[in-house]
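Chemist: Structure: coords.pdb, PDB, C-alpha atoms, pLDDT in the B column.
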```
ATOM      1  CA  MET A   1      -5.077  93.287 -24.364  1.00 70.00           C
ATOM      2  CA  VAL A   2      -4.503  91.961 -27.905  1.00 81.00           C
ATOM      3  CA  TYR A   3      -7.661  89.848 -27.638  1.00 79.00           C
ATOM      4  CA  ALA A   4      -9.688  92.854 -26.496  1.00 78.00           C
ATOM      5  CA  ARG A   5      -8.376  94.945 -29.385  1.00 84.00           C
ATOM      6  CA  ALA A   6      -9.398  92.219 -31.831  1.00 85.00           C
ATOM      7  CA  LEU A   7     -12.919  92.212 -30.410  1.00 82.00           C
ATOM      8  CA  LEU A   8     -13.141  96.000 -30.574  1.00 82.00           C
ATOM      9  CA  MET A   9     -12.095  95.840 -34.227  1.00 88.00           C
ATOM     10  CA  LEU A  10     -14.764  93.177 -34.759  1.00 87.00           C
ATOM     11  CA  ARG A  11     -17.367  95.502 -33.270  1.00 84.00           C
ATOM     12  CA  ASP A  12     -16.314  98.320 -35.606  1.00 86.00           C
ATOM     13  CA  GLN A  13     -16.484  96.088 -38.676  1.00 88.00           C
ATOM     14  CA  LEU A  14     -19.897  94.720 -37.709  1.00 87.00           C
ATOM     15  CA  ARG A  15     -21.179  98.258 -37.265  1.00 85.00           C
ATOM     16  CA  GLU A  16     -19.873  99.243 -40.700  1.00 87.00           C
ATOM     17  CA  ARG A  17     -21.597  96.241 -42.274  1.00 88.00           C
ATOM     18  CA  GLY A  18     -24.897  96.805 -40.477  1.00 84.00           C
ATOM     19  CA  VAL A  19     -24.667  93.983 -37.935  1.00 83.00           C
ATOM     20  CA  LEU A  20     -24.570  95.602 -34.511  1.00 74.00           C
ATOM     21  CA  LEU A  21     -27.141  95.878 -31.758  1.00 63.00           C
ATOM     22  CA  VAL A  22     -27.992  99.363 -30.514  1.00 58.00           C
ATOM     23  CA  LEU A  23     -30.012  99.968 -27.366  1.00 55.00           C
ATOM     24  CA  ARG A  24     -32.126 103.042 -26.654  1.00 56.00           C
ATOM     25  CA  PHE A  25     -32.278 103.934 -22.993  1.00 54.00           C
ATOM     26  CA  LYS A  26     -32.741 106.814 -20.592  1.00 59.00           C
ATOM     27  CA  PRO A  27     -29.429 108.067 -19.168  1.00 58.00           C
ATOM     28  CA  CYS A  28     -30.835 107.976 -15.632  1.00 60.00           C
ATOM     29  CA  GLY A  29     -32.413 104.516 -15.864  1.00 57.00           C
ATOM     30  CA  PRO A  30     -31.311 100.906 -16.365  1.00 53.00           C
ATOM     31  CA  ILE A  31     -30.614  99.937 -19.967  1.00 46.00           C
ATOM     32  CA  TRP A  32     -33.068  97.024 -19.804  1.00 49.00           C
ATOM     33  CA  GLN A  33     -36.013  99.274 -18.920  1.00 53.00           C
ATOM     34  CA  ASP A  34     -38.433  99.901 -21.787  1.00 52.00           C
ATOM     35  CA  ASP A  35     -39.028 103.649 -21.970  1.00 52.00           C
ATOM     36  CA  SER A  36     -40.090 103.791 -25.602  1.00 51.00           C
ATOM     37  CA  SER A  37     -43.540 105.122 -24.698  1.00 53.00           C
ATOM     38  CA  THR A  38     -42.236 108.155 -22.827  1.00 52.00           C
ATOM     39  CA  GLN A  39     -41.336 111.526 -24.290  1.00 52.00           C
ATOM     40  CA  ASP A  40     -38.072 111.838 -22.409  1.00 54.00           C
ATOM     41  CA  ALA A  41     -34.785 112.111 -24.244  1.00 54.00           C
ATOM     42  CA  HIS A  42     -33.089 108.808 -25.043  1.00 52.00           C
ATOM     43  CA  VAL A  43     -29.518 107.891 -25.790  1.00 56.00           C
ATOM     44  CA  GLU A  44     -28.464 105.315 -28.355  1.00 56.00           C
ATOM     45  CA  GLN A  45     -25.712 103.145 -26.923  1.00 57.00           C
ATOM     46  CA  GLU A  46     -23.811 100.433 -28.753  1.00 56.00           C
ATOM     47  CA  ILE A  47     -23.219  97.196 -26.886  1.00 57.00           C
ATOM     48  CA  VAL A  48     -19.456  97.089 -26.446  1.00 56.00           C
ATOM     49  CA  GLU A  49     -18.107  93.589 -26.970  1.00 54.00           C
ATOM     50  CA  ALA A  50     -14.725  93.521 -25.254  1.00 50.00           C
ATOM     51  CA  THR A  51     -13.207  91.089 -22.791  1.00 56.00           C
ATOM     52  CA  TYR A  52      -9.809  90.071 -21.493  1.00 50.00           C
ATOM     53  CA  VAL A  53     -10.482  86.339 -21.250  1.00 63.00           C
ATOM     54  CA  ASP A  54     -10.470  83.771 -24.018  1.00 69.00           C
ATOM     55  CA  ASP A  55     -14.127  82.745 -23.682  1.00 74.00           C
ATOM     56  CA  GLU A  56     -16.456  84.701 -25.906  1.00 79.00           C
ATOM     57  CA  ALA A  57     -20.149  84.392 -26.795  1.00 80.00           C
ATOM     58  CA  LEU A  58     -21.574  86.230 -29.800  1.00 84.00           C
ATOM     59  CA  PHE A  59     -25.325  86.678 -30.220  1.00 84.00           C
ATOM     60  CA  LEU A  60     -27.158  87.369 -33.468  1.00 86.00           C
ATOM     61  CA  SER A  61     -30.836  88.150 -33.897  1.00 85.00           C
ATOM     62  CA  ALA A  62     -32.769  89.097 -37.034  1.00 87.00           C
ATOM     63  CA  SER A  63     -36.355  89.720 -38.073  1.00 88.00           C
ATOM     64  CA  SER A  64     -36.388  86.878 -40.612  1.00 91.00           C
ATOM     65  CA  PRO A  65     -34.482  83.639 -41.327  1.00 93.00           C
ATOM     66  CA  SER A  66     -32.949  85.073 -44.502  1.00 93.00           C
ATOM     67  CA  LEU A  67     -31.622  88.139 -42.675  1.00 92.00           C
ATOM     68  CA  LEU A  68     -30.252  85.898 -39.937  1.00 93.00           C
ATOM     69  CA  ASP A  69     -28.349  83.810 -42.491  1.00 94.00           C
ATOM     70  CA  LYS A  70     -26.841  86.968 -43.976  1.00 93.00           C
ATOM     71  CA  ALA A  71     -25.846  88.218 -40.519  1.00 92.00           C
ATOM     72  CA  ILE A  72     -24.183  84.871 -39.738  1.00 93.00           C
ATOM     73  CA  ASP A  73     -22.093  85.090 -42.911  1.00 92.00           C
ATOM     74  CA  VAL A  74     -21.069  88.672 -42.112  1.00 93.00           C
ATOM     75  CA  LEU A  75     -20.165  87.770 -38.535  1.00 92.00           C
ATOM     76  CA  PHE A  76     -17.829  84.916 -39.442  1.00 93.00           C
ATOM     77  CA  ASP A  77     -16.223  86.862 -42.269  1.00 92.00           C
ATOM     78  CA  CYS A  78     -15.454  89.789 -39.931  1.00 92.00           C
ATOM     79  CA  LEU A  79     -14.449  87.522 -37.057  1.00 92.00           C
ATOM     80  CA  LEU A  80     -11.852  85.639 -39.079  1.00 92.00           C
ATOM     81  CA  GLN A  81     -10.464  88.821 -40.604  1.00 91.00           C
ATOM     82  CA  CYS A  82     -10.023  90.493 -37.210  1.00 90.00           C
ATOM     83  CA  PHE A  83      -8.446  87.479 -35.549  1.00 90.00           C
ATOM     84  CA  LYS A  84      -6.065  86.959 -38.476  1.00 90.00           C
ATOM     85  CA  ARG A  85      -5.019  90.596 -38.209  1.00 91.00           C
ATOM     86  CA  PHE A  86      -3.854  89.998 -34.632  1.00 90.00           C
ATOM     87  CA  SER A  87      -2.490  86.471 -35.316  1.00 89.00           C
ATOM     88  CA  LEU A  88      -5.160  84.885 -33.103  1.00 88.00           C
ATOM     89  CA  LYS A  89      -6.413  81.362 -33.780  1.00 88.00           C
ATOM     90  CA  ILE A  90      -9.847  79.943 -33.005  1.00 89.00           C
ATOM     91  CA  ASN A  91     -10.291  76.344 -31.892  1.00 88.00           C
ATOM     92  CA  TRP A  92     -13.269  75.242 -33.987  1.00 89.00           C
ATOM     93  CA  ALA A  93     -13.375  71.714 -32.537  1.00 88.00           C
ATOM     94  CA  PRO A  94     -16.742  70.454 -31.211  1.00 86.00           C
ATOM     95  CA  GLY A  95     -17.078  71.332 -27.543  1.00 82.00           C
ATOM     96  CA  LYS A  96     -14.705  74.283 -27.970  1.00 86.00           C
ATOM     97  CA  SER A  97     -16.537  76.392 -30.535  1.00 89.00           C
ATOM     98  CA  GLU A  98     -20.171  75.639 -31.284  1.00 89.00           C
ATOM     99  CA  ALA A  99     -23.307  77.419 -32.443  1.00 90.00           C
ATOM    100  CA  MET A 100     -26.860  77.353 -31.143  1.00 90.00           C
ATOM    101  CA  LEU A 101     -29.295  78.065 -33.948  1.00 91.00           C
ATOM    102  CA  ALA A 102     -33.015  78.845 -33.749  1.00 89.00           C
ATOM    103  CA  TYR A 103     -35.068  79.916 -36.769  1.00 91.00           C
ATOM    104  CA  ARG A 104     -38.511  81.440 -36.310  1.00 89.00           C
ATOM    105  CA  GLY A 105     -41.139  82.807 -38.652  1.00 89.00           C
ATOM    106  CA  LYS A 106     -41.912  82.194 -42.314  1.00 90.00           C
ATOM    107  CA  HIS A 107     -39.602  79.714 -44.094  1.00 92.00           C
ATOM    108  CA  ALA A 108     -37.888  78.855 -40.782  1.00 93.00           C
ATOM    109  CA  VAL A 109     -37.918  75.110 -41.512  1.00 93.00           C
ATOM    110  CA  LYS A 110     -36.571  75.680 -45.019  1.00 94.00           C
ATOM    111  CA  HIS A 111     -33.590  77.677 -43.772  1.00 94.00           C
ATOM    112  CA  ARG A 112     -32.906  75.243 -40.968  1.00 93.00           C
ATOM    113  CA  GLU A 113     -32.972  72.172 -43.212  1.00 94.00           C
ATOM    114  CA  ALA A 114     -30.700  73.908 -45.713  1.00 93.00           C
ATOM    115  CA  ARG A 115     -27.970  73.628 -43.075  1.00 92.00           C
ATOM    116  CA  ARG A 116     -28.479  69.906 -42.522  1.00 91.00           C
ATOM    117  CA  ARG A 117     -25.711  67.659 -43.798  1.00 88.00           C
ATOM    118  CA  ASP A 118     -25.969  64.110 -45.131  1.00 87.00           C
ATOM    119  CA  ASP A 119     -25.230  62.693 -41.681  1.00 87.00           C
ATOM    120  CA  GLY A 120     -28.328  64.438 -40.296  1.00 88.00           C
ATOM    121  CA  LYS A 121     -26.451  67.000 -38.218  1.00 89.00           C
ATOM    122  CA  LEU A 122     -26.844  70.743 -38.497  1.00 91.00           C
ATOM    123  CA  TRP A 123     -23.760  72.749 -39.340  1.00 90.00           C
ATOM    124  CA  VAL A 124     -22.835  76.348 -40.063  1.00 92.00           C
ATOM    125  CA  LYS A 125     -20.515  76.649 -43.050  1.00 90.00           C
ATOM    126  CA  LEU A 126     -17.450  78.747 -42.318  1.00 90.00           C
ATOM    127  CA  PRO A 127     -15.638  80.990 -44.816  1.00 88.00           C
ATOM    128  CA  ASP A 128     -13.116  79.327 -47.105  1.00 84.00           C
ATOM    129  CA  HIS A 129     -10.166  80.883 -45.255  1.00 80.00           C
ATOM    130  CA  ALA A 130     -11.108  79.182 -41.966  1.00 84.00           C
ATOM    131  CA  ASN A 131      -9.041  76.139 -40.979  1.00 83.00           C
ATOM    132  CA  THR A 132     -12.164  73.968 -40.870  1.00 87.00           C
ATOM    133  CA  PRO A 133     -15.200  73.937 -43.190  1.00 89.00           C
ATOM    134  CA  TYR A 134     -18.015  73.713 -40.641  1.00 90.00           C
ATOM    135  CA  LEU A 135     -19.023  74.834 -37.157  1.00 91.00           C
ATOM    136  CA  THR A 136     -21.017  72.351 -35.083  1.00 89.00           C
ATOM    137  CA  VAL A 137     -24.607  73.275 -34.164  1.00 91.00           C
ATOM    138  CA  THR A 138     -25.746  72.110 -30.732  1.00 88.00           C
ATOM    139  CA  ARG A 139     -28.864  72.413 -28.566  1.00 86.00           C
ATOM    140  CA  SER A 140     -26.939  73.502 -25.475  1.00 83.00           C
ATOM    141  CA  PHE A 141     -23.479  74.877 -24.817  1.00 79.00           C
ATOM    142  CA  LYS A 142     -21.341  75.443 -21.754  1.00 76.00           C
ATOM    143  CA  HIS A 143     -20.010  78.985 -21.537  1.00 68.00           C
ATOM    144  CA  VAL A 144     -18.102  80.434 -18.566  1.00 67.00           C
ATOM    145  CA  GLY A 145     -19.203  77.676 -16.196  1.00 69.00           C
ATOM    146  CA  GLY A 146     -22.891  77.507 -17.108  1.00 75.00           C
ATOM    147  CA  PHE A 147     -25.073  75.920 -19.794  1.00 78.00           C
ATOM    148  CA  VAL A 148     -27.458  77.743 -22.099  1.00 78.00           C
ATOM    149  CA  SER A 149     -29.988  75.968 -24.341  1.00 82.00           C
ATOM    150  CA  THR A 150     -31.871  76.946 -27.477  1.00 81.00           C
ATOM    151  CA  ASP A 151     -35.199  75.816 -26.009  1.00 80.00           C
ATOM    152  CA  GLY A 152     -34.720  77.810 -22.806  1.00 77.00           C
ATOM    153  CA  SER A 153     -34.493  74.656 -20.690  1.00 79.00           C
ATOM    154  CA  HIS A 154     -32.385  74.788 -17.531  1.00 80.00           C
ATOM    155  CA  ASN A 155     -31.996  70.995 -17.303  1.00 82.00           C
ATOM    156  CA  ALA A 156     -28.438  70.835 -18.650  1.00 80.00           C
ATOM    157  CA  ASP A 157     -27.292  73.695 -16.434  1.00 79.00           C
ATOM    158  CA  ALA A 158     -29.032  72.277 -13.358  1.00 79.00           C
ATOM    159  CA  SER A 159     -27.519  68.827 -13.930  1.00 82.00           C
ATOM    160  CA  HIS A 160     -24.066  70.348 -14.369  1.00 79.00           C
ATOM    161  CA  ARG A 161     -24.334  72.389 -11.159  1.00 80.00           C
ATOM    162  CA  VAL A 162     -25.638  69.427  -9.171  1.00 80.00           C
ATOM    163  CA  LYS A 163     -22.690  67.302 -10.301  1.00 82.00           C
ATOM    164  CA  ARG A 164     -20.239  70.011  -9.291  1.00 80.00           C
ATOM    165  CA  ALA A 165     -21.942  70.474  -5.943  1.00 80.00           C
ATOM    166  CA  MET A 166     -21.943  66.738  -5.245  1.00 82.00           C
ATOM    167  CA  ALA A 167     -18.289  66.479  -6.242  1.00 84.00           C
ATOM    168  CA  ALA A 168     -17.509  69.048  -3.555  1.00 81.00           C
ATOM    169  CA  TYR A 169     -19.902  67.573  -0.982  1.00 81.00           C
ATOM    170  CA  ALA A 170     -19.262  63.827  -1.242  1.00 84.00           C
ATOM    171  CA  PRO A 171     -15.630  63.750   0.007  1.00 85.00           C
ATOM    172  CA  ILE A 172     -16.556  65.598   3.225  1.00 83.00           C
ATOM    173  CA  ALA A 173     -20.104  64.327   3.721  1.00 82.00           C
ATOM    174  CA  SER A 174     -19.345  62.108   6.713  1.00 85.00           C
ATOM    175  CA  SER A 175     -16.272  63.837   8.104  1.00 85.00           C
ATOM    176  CA  VAL A 176     -17.846  67.305   8.156  1.00 83.00           C
ATOM    177  CA  PHE A 177     -21.632  67.273   7.697  1.00 82.00           C
ATOM    178  CA  GLY A 178     -22.138  63.968   9.495  1.00 84.00           C
ATOM    179  CA  SER A 179     -19.697  64.663  12.297  1.00 84.00           C
ATOM    180  CA  PRO A 180     -20.879  65.693  15.782  1.00 84.00           C
ATOM    181  CA  HIS A 181     -17.504  67.370  16.306  1.00 84.00           C
ATOM    182  CA  PHE A 182     -18.192  70.209  13.851  1.00 82.00           C
ATOM    183  CA  ALA A 183     -20.277  73.130  15.062  1.00 84.00           C
ATOM    184  CA  VAL A 184     -23.319  74.020  12.979  1.00 81.00           C
ATOM    185  CA  THR A 185     -21.796  77.386  12.090  1.00 82.00           C
ATOM    186  CA  HIS A 186     -18.670  75.715  10.720  1.00 81.00           C
ATOM    187  CA  GLN A 187     -20.706  73.181   8.770  1.00 80.00           C
ATOM    188  CA  ARG A 188     -22.734  76.011   7.285  1.00 80.00           C
ATOM    189  CA  GLU A 189     -19.556  77.846   6.285  1.00 80.00           C
ATOM    190  CA  PHE A 190     -18.266  74.730   4.532  1.00 77.00           C
ATOM    191  CA  ALA A 191     -21.581  74.357   2.713  1.00 79.00           C
ATOM    192  CA  ASN A 192     -21.695  78.006   1.645  1.00 77.00           C
ATOM    193  CA  SER A 193     -18.122  78.081   0.374  1.00 74.00           C
ATOM    194  CA  LEU A 194     -17.770  74.607  -1.159  1.00 74.00           C
ATOM    195  CA  VAL A 195     -21.192  73.246  -2.081  1.00 74.00           C
ATOM    196  CA  PHE A 196     -23.857  75.884  -2.565  1.00 71.00           C
ATOM    197  CA  PRO A 197     -22.013  78.356  -4.812  1.00 63.00           C
ATOM    198  CA  ASP A 198     -22.551  75.903  -7.677  1.00 54.00           C
ATOM    199  CA  CYS A 199     -26.012  74.615  -6.874  1.00 51.00           C
ATOM    200  CA  SER A 200     -29.060  75.671  -4.896  1.00 45.00           C
ATOM    201  CA  ILE A 201     -30.753  72.281  -5.300  1.00 39.00           C
ATOM    202  CA  THR A 202     -28.778  69.320  -4.014  1.00 40.00           C
ATOM    203  CA  TYR A 203     -28.680  66.527  -1.460  1.00 41.00           C
ATOM    204  CA  ILE A 204     -27.013  66.920   1.911  1.00 42.00           C
ATOM    205  CA  PHE A 205     -26.584  63.711   3.882  1.00 42.00           C
ATOM    206  CA  GLY A 206     -29.589  62.012   2.312  1.00 41.00           C
ATOM    207  CA  ARG A 207     -31.947  64.984   2.344  1.00 40.00           C
ATOM    208  CA  ILE A 208     -32.885  67.243  -0.554  1.00 40.00           C
ATOM    209  CA  LEU A 209     -32.444  70.964  -0.049  1.00 41.00           C
ATOM    210  CA  LEU A 210     -34.465  73.529  -1.957  1.00 40.00           C
ATOM    211  CA  ALA A 211     -34.732  77.306  -2.148  1.00 40.00           C
ATOM    212  CA  ASP A 212     -32.879  78.399   1.009  1.00 44.00           C
ATOM    213  CA  PRO A 213     -30.031  75.903   1.440  1.00 43.00           C
ATOM    214  CA  CYS A 214     -28.564  77.496   4.565  1.00 45.00           C
ATOM    215  CA  ARG A 215     -31.893  77.408   6.408  1.00 48.00           C
ATOM    216  CA  CYS A 216     -32.581  73.808   5.334  1.00 44.00           C
ATOM    217  CA  LEU A 217     -29.084  72.733   6.298  1.00 44.00           C
ATOM    218  CA  LYS A 218     -29.454  74.294   9.721  1.00 44.00           C
ATOM    219  CA  GLU A 219     -32.829  72.595  10.229  1.00 46.00           C
ATOM    220  CA  TYR A 220     -31.307  69.245   9.308  1.00 43.00           C
ATOM    221  CA  MET A 221     -28.322  69.652  11.597  1.00 42.00           C
ATOM    222  CA  LEU A 222     -30.487  70.639  14.532  1.00 42.00           C
ATOM    223  CA  GLU A 223     -32.680  67.545  14.158  1.00 42.00           C
TER     224      GLU A 223
END
```
Please re-express this file's structure in structure tokens.

Modeler:
Amino acid sequence: MVYARALLMLRDQLRERGVLLVLRFKPCGPIWQDDSSTQDAHVEQEIVEATYVDDEALFLSASSPSLLDKAIDVLFDCLLQCFKRFSLKINWAPGKSEAMLAYRGKHAVKHREARRRDDGKLWVKLPDHANTPYLTVTRSFKHVGGFVSTDGSHNADASHRVKRAMAAYAPIASSVFGSPHFAVTHQREFANSLVFPDCSITYIFGRILLADPCRCLKEYMLE
């Protein structure tokens, strides 16, 4: 509850300082539907950023690199103030807290290179009252069990899910999926509950499965 209150305070401060996303949508339609061309009444709805877990992702977008840099400074200033108010600490260590940064448009390269340190890495400078001077910039980051990447690639996420699926599959490959003593329905239940929730592309007993894993698994087991 304390964490959620800190995030709600963060939202209020960002709104006051002009850094808050507002969506326009029709009350009777999904918020992702673009109805800007219609004459119907719209409602402006703030995106509420509140959660009761300790994993949090914050997204910033701006129309120019200079505006993005200003928004980044505002975000970290507000974030640290709100968390200090509730005696919450942020683990800024690489792999725990990281930033993905993508500049586009005029002077994008200039703004990006301005964040490059002598060691060649990109960093985001944190306010002076943070317990570390810089936040690591990375191309991909794992958040709530999945990877996201600045270039839109799914390779890191796919590799991660395959490894998790294989870690669940390998110990029971022979005893369950290669055993004639397990009914196909039971083997399918094991696959659905242990293997496929993390990956829809994997190997089962030497055969690659794509798209519909349950159907492919059944075809294999009936061969």

Chemist: Counting all atoms listed in the file, which residue out of A:Arg188, A:Gln13, A:Val137, A:Ala57 sits closest to Thr150 in chain A?

Modeler: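 Closest to Thr150 in chain A of all the choices is A:Val137.
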
Chemist: Quick one: distance from CA of Cys82 in chain A to CA of Tyr3 in chain A in Å, one decimal?

Modeler: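 Value for the CA of Cys82 in chain A-CA of Tyr3 in chain A distance: 9.9 Å.
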
Chemist: Just say which residues the PyMOL selection byres ((chain A and resi 176) around 12) picks in this file, as a ChimeraX atom specification.

Modeler: /A:168-175,177-191,194,204-205,221

Chemist: Between A:Asp55, A:Val74, A:Arg116, A:Ala4, which residue has the minimum interatomic distance to Gly18 in chain A, considering all atoms listed in the file?

Modeler: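 Closest to Gly18 in chain A, using all atoms listed in the file: A:Val74.
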
Chemist: If we count all atoms listed in the file, what is near Asp73 in chain A at a cut-off of 9 Å, once residues fewer than 6 positions away on the same chain are taken out, given as a list in words?

Modeler: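 These residues fall inside the cut-off: Lys125, Leu126 and Pro127 of chain A.
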
Chemist: Would you put the residues from that selection into a file with C-alpha atoms, as an mmCIF file, in the frame of the given file?

Modeler:
```cif
data_model
loop_
_atom_site.group_PDB
_atom_site.id
_atom_site.type_symbol
_atom_site.label_atom_id
_atom_site.label_comp_id
_atom_site.auth_asym_id
_atom_site.auth_seq_id
_atom_site.Cartn_x
_atom_site.Cartn_y
_atom_site.Cartn_z
ATOM 1 C CA LYS A 125 -20.515 76.649 -43.050
ATOM 2 C CA LEU A 126 -17.450 78.747 -42.318
ATOM 3 C CA PRO A 127 -15.638 80.990 -44.816
#
```

Chemist: For CA of Leu67 in chain A and CA of Thr138 in chain A, quote the distance in Å rounded to one decimal.

Modeler: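 A separation of 20.8 Å between them.
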
Chemist: Please compute the CA of Ala158 in chain A-CA of Ala93 in chain A distance, one decimal, in Å.

Modeler: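 Between these atoms lies a distance of 24.8 Å.
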
Chemist: Using only C-alpha atoms, determine which residues lie at most 8 Å from Trp123 in chain A, disregarding the query and same-chain residues fewer than 5 positions distant; provide the list as a ChimeraX atom specification.

Modeler: /A:115-117,134-137

Chemist: For the file shown, report as a PyMOL selection string the outcome of the PyMOL selection byres ((chain A and resi 164) around 10) at residue level.

Modeler: chain A and resi 158-163+165-169+194-199

Chemist: Enumerate, as a list in words, the protein, DNA and RNA residues whose atoms approach (-27.2, 69.7, -20.4) to within 10 Å, taking into account all atoms listed in the file and the coordinate frame of the file.

Modeler: Arg139, Ser140, Phe141, Lys142, Gly146, Phe147, Val148, Ser149, Ser153, His154, Asn155, Ala156, Asp157, Ala158, Ser159 and His160 of chain A

Chemist: Can you work out which one of A:Leu8, A:Leu80, A:Leu58, A:Leu68 has the shortest atom-to-atom distance to His107 in chain A, counting only C-alpha atoms?

Modeler: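 Checking each of A:Leu8, A:Leu80, A:Leu58, A:Leu68 against His107 in chain A, counting only C-alpha atoms, the winner is A:Leu68.
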
Chemist: Contacts of Phe83 in chain A at 9 Å or less, counting all atoms listed in the file, minus same-chain residues fewer than 6 places along, as a list in words?

Modeler: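 Once the adjacent positions are removed, what remains is Tyr3, Ala6, Leu7, Leu10, Lys89 and Ile90 of chain A.
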
Chemist: Which is closest to Lys110 in chain A among A:Glu16, A:Leu79, A:Pro65, A:His129, if we use only C-alpha atoms?

Modeler: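 Ranked by minimum distance to Lys110 in chain A, first place goes to A:Pro65.
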
Chemist: Point out the residue among A:Ala62, A:Cys78, A:Ala71, A:Leu101 with the least atom-to-atom distance to Met9 in chain A, counting only C-alpha atoms.

Modeler: A:Cys78
